[in-house]
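The structure file model_30.txt is reproduced below (compact mmCIF, C-alpha atoms and all ligand atoms).
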# COMPACT_ATOMS: atom_id res chain seq x y z
CA MET A 15 19.69 -27.50 80.95
CA THR A 16 21.66 -25.44 78.42
CA ALA A 17 20.33 -24.85 74.91
CA GLY A 18 22.80 -27.41 73.60
CA GLU A 19 21.62 -30.04 76.08
CA VAL A 20 17.97 -29.36 75.19
CA GLN A 21 18.89 -29.78 71.52
CA ARG A 22 20.71 -33.07 72.15
CA ALA A 23 17.84 -34.38 74.29
CA GLU A 24 15.43 -33.58 71.47
CA GLU A 25 17.61 -35.27 68.87
CA GLU A 26 17.69 -38.35 71.04
CA LEU A 27 13.89 -38.29 71.43
CA LEU A 28 13.54 -37.91 67.68
CA ALA A 29 15.85 -40.81 66.94
CA ARG A 30 13.89 -43.03 69.34
CA ALA A 31 10.51 -41.86 68.04
CA ARG A 32 11.62 -42.50 64.44
CA ASN A 33 12.26 -46.08 65.47
CA GLY A 34 8.74 -46.48 66.82
CA ASP A 35 9.26 -45.51 70.48
CA ARG A 36 5.82 -44.20 71.50
CA GLU A 37 7.01 -42.86 74.82
CA ALA A 38 9.64 -40.71 73.13
CA PHE A 39 7.02 -39.42 70.71
CA GLY A 40 4.77 -38.65 73.69
CA ASP A 41 7.52 -36.42 75.07
CA LEU A 42 7.82 -34.66 71.71
CA VAL A 43 4.04 -34.15 71.64
CA GLY A 44 4.29 -32.62 75.12
CA ARG A 45 6.94 -30.22 73.86
CA TYR A 46 5.22 -29.19 70.65
CA GLN A 47 1.47 -29.55 71.16
CA ASP A 48 1.04 -25.89 72.20
CA THR A 49 2.83 -24.45 69.17
CA VAL A 50 1.03 -26.85 66.82
CA TYR A 51 -2.31 -25.97 68.40
CA THR A 52 -1.54 -22.23 68.23
CA LEU A 53 -0.74 -22.44 64.51
CA ALA A 54 -3.90 -24.48 63.88
CA LEU A 55 -5.95 -21.95 65.85
CA ARG A 56 -4.63 -19.09 63.73
CA LEU A 57 -5.21 -20.97 60.49
CA VAL A 58 -8.69 -22.40 61.02
CA GLY A 59 -10.09 -20.82 64.19
CA PRO A 60 -11.24 -22.37 67.46
CA ASP A 61 -13.88 -24.77 66.11
CA LEU A 62 -11.47 -26.89 64.12
CA ALA A 63 -8.10 -26.18 65.79
CA ALA A 64 -8.05 -29.11 68.23
CA ASP A 65 -8.96 -31.59 65.47
CA VAL A 66 -6.27 -30.15 63.21
CA ALA A 67 -3.62 -30.30 65.96
CA GLN A 68 -4.53 -33.90 66.81
CA GLU A 69 -4.54 -35.05 63.18
CA ALA A 70 -1.29 -33.19 62.43
CA LEU A 71 0.49 -34.88 65.34
CA LEU A 72 -0.84 -38.29 64.27
CA ARG A 73 0.35 -37.68 60.70
CA ALA A 74 3.73 -36.61 62.04
CA TRP A 75 4.02 -39.91 63.93
CA ARG A 76 3.09 -41.83 60.81
CA ALA A 77 5.55 -39.92 58.65
CA LEU A 78 8.41 -39.76 61.16
CA PRO A 79 10.58 -42.38 59.38
CA ARG A 80 10.65 -39.91 56.45
CA PHE A 81 11.99 -37.09 58.63
CA ARG A 82 15.68 -36.71 57.84
CA GLY A 83 16.34 -33.49 59.70
CA GLU A 84 16.83 -31.30 56.58
CA ALA A 85 14.58 -28.75 58.29
CA ALA A 86 14.14 -28.23 62.03
CA PHE A 87 11.60 -30.60 63.55
CA ALA A 88 9.38 -27.60 64.47
CA THR A 89 9.40 -26.40 60.84
CA TRP A 90 8.55 -29.89 59.59
CA LEU A 91 5.68 -30.12 62.10
CA HIS A 92 4.41 -26.70 61.06
CA ARG A 93 4.32 -27.77 57.40
CA ILE A 94 2.31 -30.85 58.32
CA THR A 95 -0.03 -28.70 60.40
CA VAL A 96 -0.63 -26.30 57.50
CA ASN A 97 -1.35 -29.21 55.18
CA THR A 98 -3.65 -30.89 57.70
CA ALA A 99 -5.49 -27.63 58.35
CA TRP A 100 -6.14 -27.34 54.63
CA THR A 101 -7.37 -30.91 54.28
CA LEU A 102 -9.70 -30.75 57.29
CA ARG A 103 -11.00 -27.33 56.30
CA ARG A 104 -11.88 -28.65 52.85
CA ARG A 105 -13.81 -31.48 54.47
CA ALA A 106 -15.56 -29.15 56.92
CA ARG A 107 -16.43 -26.75 54.10
CA ARG A 108 -18.47 -29.44 52.38
CA HIS A 109 -20.79 -29.47 55.38
CA THR A 110 -21.06 -25.77 56.11
CA ALA A 111 -21.67 -22.67 54.05
CA GLU A 112 -18.39 -20.78 54.05
CA PRO A 113 -17.82 -17.42 52.40
CA LEU A 114 -16.05 -17.52 49.04
CA GLU A 115 -12.54 -16.23 48.51
CA GLY A 116 -12.47 -12.56 47.64
CA ASP A 117 -13.29 -9.41 49.48
CA ARG A 118 -16.03 -9.50 52.05
CA GLU A 119 -17.79 -6.25 52.62
CA ASP A 120 -18.08 -5.15 56.19
CA GLY A 121 -17.92 -2.15 58.40
CA GLY A 122 -15.09 -1.74 60.91
CA LEU A 123 -14.88 -4.60 63.39
CA LEU A 124 -13.77 -2.36 66.19
CA PRO A 125 -15.69 0.87 66.60
CA GLU A 126 -12.82 2.64 68.35
CA ARG A 127 -9.72 3.73 66.40
CA ALA A 128 -6.86 1.50 67.35
CA GLY A 129 -3.75 3.45 66.44
CA GLU A 130 -1.48 2.12 69.13
CA LEU A 131 0.33 -1.17 68.80
CA ALA A 132 -1.15 -2.63 71.99
CA GLU A 133 -4.68 -1.90 70.85
CA LEU A 134 -3.89 -3.32 67.43
CA ARG A 135 -2.69 -6.55 68.97
CA ALA A 136 -5.74 -6.82 71.18
CA GLY A 137 -8.07 -6.82 68.19
CA LEU A 138 -5.86 -8.75 65.78
CA THR A 139 -6.94 -12.25 66.68
CA ARG A 140 -10.57 -11.32 66.24
CA ALA A 141 -9.82 -9.50 63.01
CA LEU A 142 -7.90 -12.51 61.65
CA GLY A 143 -11.03 -14.55 62.25
CA CYS A 144 -12.97 -12.22 59.94
CA LEU A 145 -10.73 -12.88 56.92
CA THR A 146 -11.52 -15.57 54.37
CA PRO A 147 -9.65 -18.80 55.20
CA GLY A 148 -7.34 -18.33 52.21
CA GLN A 149 -6.42 -14.77 53.16
CA ARG A 150 -5.98 -15.73 56.79
CA ALA A 151 -3.64 -18.63 55.99
CA VAL A 152 -1.37 -16.48 53.82
CA VAL A 153 -1.17 -13.55 56.23
CA VAL A 154 -0.56 -15.87 59.21
CA LEU A 155 2.24 -17.76 57.46
CA ARG A 156 3.86 -14.63 55.99
CA ASP A 157 3.41 -11.97 58.64
CA VAL A 158 3.13 -13.98 61.85
CA TYR A 159 5.46 -16.91 61.08
CA GLY A 160 7.76 -15.11 58.66
CA TRP A 161 7.50 -17.61 55.80
CA SER A 162 8.41 -16.45 52.29
CA ASN A 163 5.75 -15.99 49.61
CA SER A 164 7.02 -19.04 47.73
CA GLU A 165 7.08 -21.22 50.86
CA ALA A 166 3.53 -20.22 51.84
CA ALA A 167 2.32 -20.74 48.25
CA ARG A 168 3.94 -24.18 48.04
CA GLU A 169 2.49 -25.43 51.32
CA LEU A 170 -0.98 -24.08 50.55
CA GLY A 171 -0.96 -25.48 47.01
CA ILE A 172 -1.51 -22.09 45.37
CA THR A 173 0.54 -19.97 42.97
CA GLU A 174 2.86 -17.28 44.27
CA THR A 175 0.76 -14.64 42.51
CA THR A 176 -2.37 -15.85 44.31
CA ALA A 177 -0.46 -15.76 47.59
CA LYS A 178 0.63 -12.16 46.94
CA VAL A 179 -2.89 -11.06 46.02
CA ARG A 180 -4.37 -12.72 49.11
CA LEU A 181 -1.70 -11.18 51.31
CA HIS A 182 -2.41 -7.70 49.99
CA ARG A 183 -6.16 -8.11 50.43
CA ALA A 184 -5.70 -9.61 53.89
CA ARG A 185 -3.51 -6.75 55.08
CA ARG A 186 -5.88 -4.16 53.71
CA ARG A 187 -8.89 -5.82 55.31
CA LEU A 188 -7.09 -6.11 58.62
CA ARG A 189 -6.40 -2.37 58.50
CA VAL A 190 -10.03 -1.71 57.69
CA LEU A 191 -11.22 -3.98 60.47
CA LEU A 192 -8.86 -2.54 63.03
CA GLU A 193 -9.02 1.12 62.13
CA GLY A 194 -12.24 1.64 60.23
CA VAL A 195 -10.09 3.06 57.40
CA ARG A 196 -11.16 2.52 53.82
CA MET B 1 -5.19 12.35 39.97
CA ARG B 2 -3.54 12.43 43.38
CA ARG B 3 -6.14 9.98 44.68
CA LEU B 4 -5.38 7.65 41.78
CA ARG B 5 -1.65 7.73 42.60
CA CYS B 6 -2.45 7.03 46.27
CA PHE B 7 -4.62 4.13 45.16
CA LEU B 8 -1.86 2.71 42.91
CA ALA B 9 0.78 3.18 45.61
CA ASP B 10 -1.39 1.24 48.04
CA LEU B 11 -2.12 -1.48 45.50
CA ALA B 12 1.52 -2.59 45.25
CA PRO B 13 3.42 -1.48 48.35
CA GLY B 14 7.13 -1.05 47.71
CA GLU B 15 6.69 -1.82 43.99
CA GLY B 16 5.91 0.09 40.80
CA PRO B 17 7.70 2.69 38.66
CA PRO B 18 9.99 5.39 40.14
CA ALA B 19 7.18 7.96 39.83
CA LEU B 20 5.14 5.96 42.31
CA ALA B 21 8.06 5.73 44.73
CA ALA B 22 8.51 9.51 44.48
CA HIS B 23 4.82 9.96 45.17
CA ARG B 24 5.03 7.73 48.24
CA GLU B 25 7.90 9.82 49.57
CA SER B 26 6.12 13.13 49.15
CA CYS B 27 2.50 12.20 49.96
CA LEU B 28 1.45 12.52 53.59
CA ARG B 29 -1.55 10.31 53.01
CA CYS B 30 0.61 7.48 51.63
CA GLN B 31 3.16 7.95 54.40
CA ALA B 32 0.42 7.59 57.01
CA ALA B 33 -0.87 4.47 55.22
CA GLY B 34 2.70 3.09 55.17
CA ALA B 35 3.09 3.75 58.88
CA ARG B 36 -0.18 1.93 59.59
CA GLU B 37 0.96 -0.97 57.41
CA ARG B 38 4.25 -1.21 59.31
CA ALA B 39 2.43 -1.05 62.68
CA LEU B 40 0.17 -3.86 61.50
CA GLY B 41 3.23 -5.87 60.42
CA ARG B 42 4.85 -5.41 63.83
CA ALA B 43 1.66 -6.40 65.64
CA LEU B 44 1.29 -9.52 63.48
CA GLY B 45 4.95 -10.42 63.98
CA ALA B 46 4.51 -10.07 67.74
CA LEU B 47 1.79 -12.73 67.65
CA ARG B 48 4.57 -15.23 66.85
CA ASP B 49 5.65 -15.13 70.49
CA GLU B 50 2.17 -15.73 71.86
CA VAL B 51 1.54 -19.42 72.36
CA VAL B 52 -1.94 -20.69 73.21
CA ALA B 53 -2.04 -23.77 75.44
CA ALA B 54 -3.41 -26.86 73.71
CA PRO B 55 -6.70 -28.14 75.13
CA PRO B 56 -6.26 -30.57 78.02
CA GLY B 57 -6.20 -34.18 76.93
CA LEU B 58 -4.79 -33.54 73.45
CA GLN B 59 -1.55 -35.37 74.22
CA MET B 60 -3.45 -38.37 75.66
CA ARG B 61 -5.82 -38.50 72.67
CA VAL B 62 -2.90 -38.47 70.25
CA LEU B 63 -1.02 -41.19 72.12
CA ALA B 64 -4.16 -43.34 72.33
CA ARG B 65 -4.56 -43.22 68.54
CA LEU B 66 -1.00 -43.87 67.38
CA GLY B 67 -1.09 -46.43 64.61
CA ARG B 68 1.82 -47.91 62.72
CA GLN B 69 4.56 -45.81 61.20
CA ASP B 70 4.51 -46.28 57.44
CA ALA B 71 6.41 -43.17 56.35
CA PHE B 72 3.21 -41.91 54.71
CA ASP B 73 3.87 -38.55 53.10
CA PRO B 74 1.50 -36.14 54.86
CA ARG B 75 1.78 -33.73 51.93
CA ARG B 76 0.78 -36.32 49.33
CA ALA B 77 -2.73 -34.91 48.85
CA LEU B 78 -1.26 -31.46 48.31
CA ILE B 79 1.26 -32.73 45.75
CA ALA B 80 -1.47 -34.70 43.95
CA ARG B 81 -3.69 -31.61 43.79
CA ALA B 82 -0.83 -29.48 42.42
CA ALA B 83 0.03 -32.17 39.84
CA ALA B 84 -3.62 -32.40 38.75
CA ARG B 85 -3.73 -28.63 38.36
CA TYR B 86 -0.56 -28.61 36.22
CA ALA B 87 -1.85 -31.53 34.15
CA ALA B 88 -5.14 -29.72 33.54
CA ALA B 89 -3.27 -26.55 32.54
CA ALA B 90 -0.95 -28.54 30.26
CA GLY B 91 -3.96 -30.33 28.73
CA LEU B 92 -5.68 -27.02 28.03
CA ALA B 93 -2.53 -25.59 26.51
CA GLY B 94 -2.13 -28.72 24.36
CA ALA B 95 -5.74 -28.57 23.16
CA THR B 96 -5.38 -24.87 22.31
CA LEU B 97 -2.18 -25.53 20.38
CA ALA B 98 -3.81 -28.44 18.49
CA ALA B 99 -6.80 -26.24 17.57
CA LEU B 100 -4.50 -23.47 16.36
CA LEU B 101 -2.42 -25.91 14.29
CA ALA B 102 -5.58 -27.43 12.79
CA GLY B 103 -6.75 -23.93 11.82
CA VAL B 104 -3.42 -23.07 10.22
CA LEU B 105 -3.34 -26.38 8.30
CA ARG B 106 -6.92 -25.87 7.09
CA ARG B 107 -6.12 -22.37 5.81
CA HIS B 108 -2.90 -23.66 4.25
CA SER B 109 -4.63 -26.53 2.41
CA ARG B 110 -7.43 -24.18 1.26
CA ALA B 111 -4.82 -21.78 -0.11
CA LEU B 112 -3.10 -24.63 -1.95
CA GLY B 113 -6.36 -26.13 -3.22
ZN ZN A 201 -0.58 9.28 48.17

Please lay out the structure from this file as structure tokens.
Amino acid sequence: MTAGEVQRAEEELLARARNGDREAFGDLVGRYQDTVYTLALRLVGPDLAADVAQEALLRAWRALPRFRGEAAFATWLHRITVNTAWTLRRRARRHTAEPLEGDREDGGLLPERAGELAELRAGLTRALGCLTPGQRAVVVLRDVYGWSNSEAARELGITETTAKVRLHRARRRLRVLLEGVR
Amino acid sequence: MRRLRCFLADLAPGEGPPALAAHRESCLRCQAAGARERALGRALGALRDEVVAAPPGLQMRVLARLGRQDAFDPRRALIARAAARYAAAAGLAGATLAALLAGVLRRHSRALG
């Protein structure tokens, strides 16, 4: 299949799913469940990621008649995933003690200096898990997914200034965690 | 003094007055920090291509729970929260303005009386 054919096949699936075709939506879920799960994993970590992915896909089904194709379907799904992650995290937070936003004090996560890119990448996922949820969400959306500050702020329901502050703190903490640099 | 400039340069990367930009260009310490920042950015960007497989059964669980499509806006809660925040801010601003006006009027009437 060429890229154009894949695109047309997806548009057809979307049109059918928008009209309530569950089988077509099942195919879309098959195509996108990994990327939705990966985003959820990076936003909320392994404990909540499967729940977030499931709920996000269910919300997408519910909202599909609203989808007009202004953004790519993947982008639309990602926005729903971010929103769902935030809602479920809020609920989960009521039941568990979670650290407050702000700087956590800690020593380096990795004892060895990780100067090289490969080593950096190896420790990144673990280091991301050490950030506060707010910092993690901003750095994941900005630096991993390439969203703008304003887009990340809008989808997280925070001001652009807060997003910038969290991004700066997140990057600095990641450097500390990965390199033991203060 | 140099430490303070390094600290300020790190606080707002790529921003600040020309003096800070000049410092960044000449300071080895800041250049090293910049290089580490860029390496971190590249490593984070590279994560975009790594996709983690969804747990087995996710697709089946989703399909088993599909309800009706009602065009519910999945971002409604977010919009409501943002609106509440703006309303609270506007309310506070309104109350402050009212208090200020009341103060001015009181002083004005005292001056007249
Ligand atoms: Zn410096």

* **Residues near Leu8 in chain B, cut-off 12 Å, all atoms listed in the file, skip fewer than 3 positions along chain, as a PyMOL selection string** => chain B and resi 1-5+11-17+19-21+23-24+30

Take the residues from that selection and put them in a file with C-alpha atoms, as a PDB file, in the frame of the given file.
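Done, and the output landed in result.pdb:
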ATOM      1  CA  MET B   1      -5.190  12.350  39.970  1.00  0.00           C
ATOM      2  CA  ARG B   2      -3.540  12.430  43.380  1.00  0.00           C
ATOM      3  CA  ARG B   3      -6.140   9.980  44.680  1.00  0.00           C
ATOM      4  CA  LEU B   4      -5.380   7.650  41.780  1.00  0.00           C
ATOM      5  CA  ARG B   5      -1.650   7.730  42.600  1.00  0.00           C
ATOM      6  CA  LEU B  11      -2.120  -1.480  45.500  1.00  0.00           C
ATOM      7  CA  ALA B  12       1.520  -2.590  45.250  1.00  0.00           C
ATOM      8  CA  PRO B  13       3.420  -1.480  48.350  1.00  0.00           C
ATOM      9  CA  GLY B  14       7.130  -1.050  47.710  1.00  0.00           C
ATOM     10  CA  GLU B  15       6.690  -1.820  43.990  1.00  0.00           C
ATOM     11  CA  GLY B  16       5.910   0.090  40.800  1.00  0.00           C
ATOM     12  CA  PRO B  17       7.700   2.690  38.660  1.00  0.00           C
ATOM     13  CA  ALA B  19       7.180   7.960  39.830  1.00  0.00           C
ATOM     14  CA  LEU B  20       5.140   5.960  42.310  1.00  0.00           C
ATOM     15  CA  ALA B  21       8.060   5.730  44.730  1.00  0.00           C
ATOM     16  CA  HIS B  23       4.820   9.960  45.170  1.00  0.00           C
ATOM     17  CA  ARG B  24       5.030   7.730  48.240  1.00  0.00           C
ATOM     18  CA  CYS B  30       0.610   7.480  51.630  1.00  0.00           C
TER      19      CYS B  30
END

* 7 Å contacts from chain A to chain B using all atoms listed in the file, as a count of residues only -> 27

* To do: Mind listing whatever residues come within 8 Å of the point (-4.1, -13.4, 59.1)? Use only C-alpha atoms, file coordinates, and give them as a PyMOL selection string.
  => (chain A and resi 56-57+141-143+145+149-155+157-158+184-185+188) or (chain B and resi 44)

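Here CA of Arg30 in chain A stands at a distance of 23.2 Å from CA of Gly57 in chain B.
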
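Picture a line from CA of Gly94 in chain B to CA of Lys178 in chain A; it runs 28.1 Å.
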
* Suppose you want the space between CA of Ala38 in chain A and CA of Val66 in chain A; what is it in Å? -> 21.5 Å

Specify the axis-aligned box that encloses all atoms of range 60-72 of chain A listed in the file after padding of 4 Å on each side, stating its centre and edge lengths in Å to one decimal as AutoDock Vina command-line options.
--center_x -6.7 --center_y -30.3 --center_z 65.3 --size_x 22.4 --size_y 23.9 --size_z 13.8
